[in-house]
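Have a look at the structure below, then the notes.
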Amino acid sequence: KAAYRILGTSAGESAFADRVFQAIPFYKGHPWFLPTVQAWFNIRDKLGI
């Protein structure tokens, strides 16, 4: 079904064909999580992990 969906044929239709899924959960375009991720990697670098 996935291959038919990618090809755009009618055989690819399923119960989820009309649903729109978020690409990244809880992400609305503003990178609010990047300072936390940066701090985590800075700590890992200092500890040598």
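We label chains A, B, ... in the order they appear in the structure tokens, count residues from 1 in each chain, and number ligands from 1 in the order shown.
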
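Residues of chain A that DSSP, applied to the backbone, places in alpha helix (DSSP H): Ala2, Ala3, Tyr4, Arg5, Ile6, Leu7, Leu34, Pro35, Thr36, Val37, Gln38, Ala39, Trp40, Phe41, Asn42, Ile43, Arg44, Asp45, Lys46 and Leu47 of chain A.
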
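Using only C-alpha atoms for every distance, the candidate list A:Phe33, A:Tyr4, A:Gly48, A:Phe41 yields A:Tyr4 as the residue closest to Ala17 in chain A.
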
Near Ser14 in chain A, within 12 Å and counting only C-alpha atoms, which residues show up once chain neighbours fewer than 4 positions away are dropped, as JSON, numbers by chain? {"A": [1, 2, 4, 5, 9, 10, 18, 19]}

Got time to write the residues from that selection, N, CA and C atoms, as a PDB file, in the first residue's frame?
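The result, written out as out27.pdb:
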ATOM      1  N   LYS A   1       0.815  -1.201   0.000  1.00  0.00           N
ATOM      2  CA  LYS A   1       0.000   0.000   0.000  1.00  0.00           C
ATOM      3  C   LYS A   1       0.856   1.262   0.000  1.00  0.00           C
ATOM      4  N   ALA A   2       1.948   1.237   0.747  1.00  0.00           N
ATOM      5  CA  ALA A   2       2.788   2.434   0.824  1.00  0.00           C
ATOM      6  C   ALA A   2       3.367   2.781  -0.544  1.00  0.00           C
ATOM      7  N   TYR A   4       2.121   2.023  -3.494  1.00  0.00           N
ATOM      8  CA  TYR A   4       1.042   2.537  -4.336  1.00  0.00           C
ATOM      9  C   TYR A   4       0.710   3.982  -3.956  1.00  0.00           C
ATOM     10  N   ARG A   5       0.767   4.270  -2.659  1.00  0.00           N
ATOM     11  CA  ARG A   5       0.484   5.630  -2.185  1.00  0.00           C
ATOM     12  C   ARG A   5       1.531   6.606  -2.725  1.00  0.00           C
ATOM     13  N   THR A   9      -1.354   6.069  -7.079  1.00  0.00           N
ATOM     14  CA  THR A   9      -2.441   5.295  -7.672  1.00  0.00           C
ATOM     15  C   THR A   9      -3.582   5.129  -6.678  1.00  0.00           C
ATOM     16  N   SER A  10      -4.745   4.780  -7.181  1.00  0.00           N
ATOM     17  CA  SER A  10      -5.907   4.600  -6.316  1.00  0.00           C
ATOM     18  C   SER A  10      -5.785   3.357  -5.442  1.00  0.00           C
ATOM     19  N   ASP A  18      -6.614  10.324   4.182  1.00  0.00           N
ATOM     20  CA  ASP A  18      -7.022  11.723   4.296  1.00  0.00           C
ATOM     21  C   ASP A  18      -6.525  12.394   5.575  1.00  0.00           C
ATOM     22  N   ARG A  19      -5.765  11.685   6.380  1.00  0.00           N
ATOM     23  CA  ARG A  19      -5.231  12.236   7.626  1.00  0.00           C
ATOM     24  C   ARG A  19      -3.962  13.035   7.375  1.00  0.00           C
TER      25      ARG A  19
END
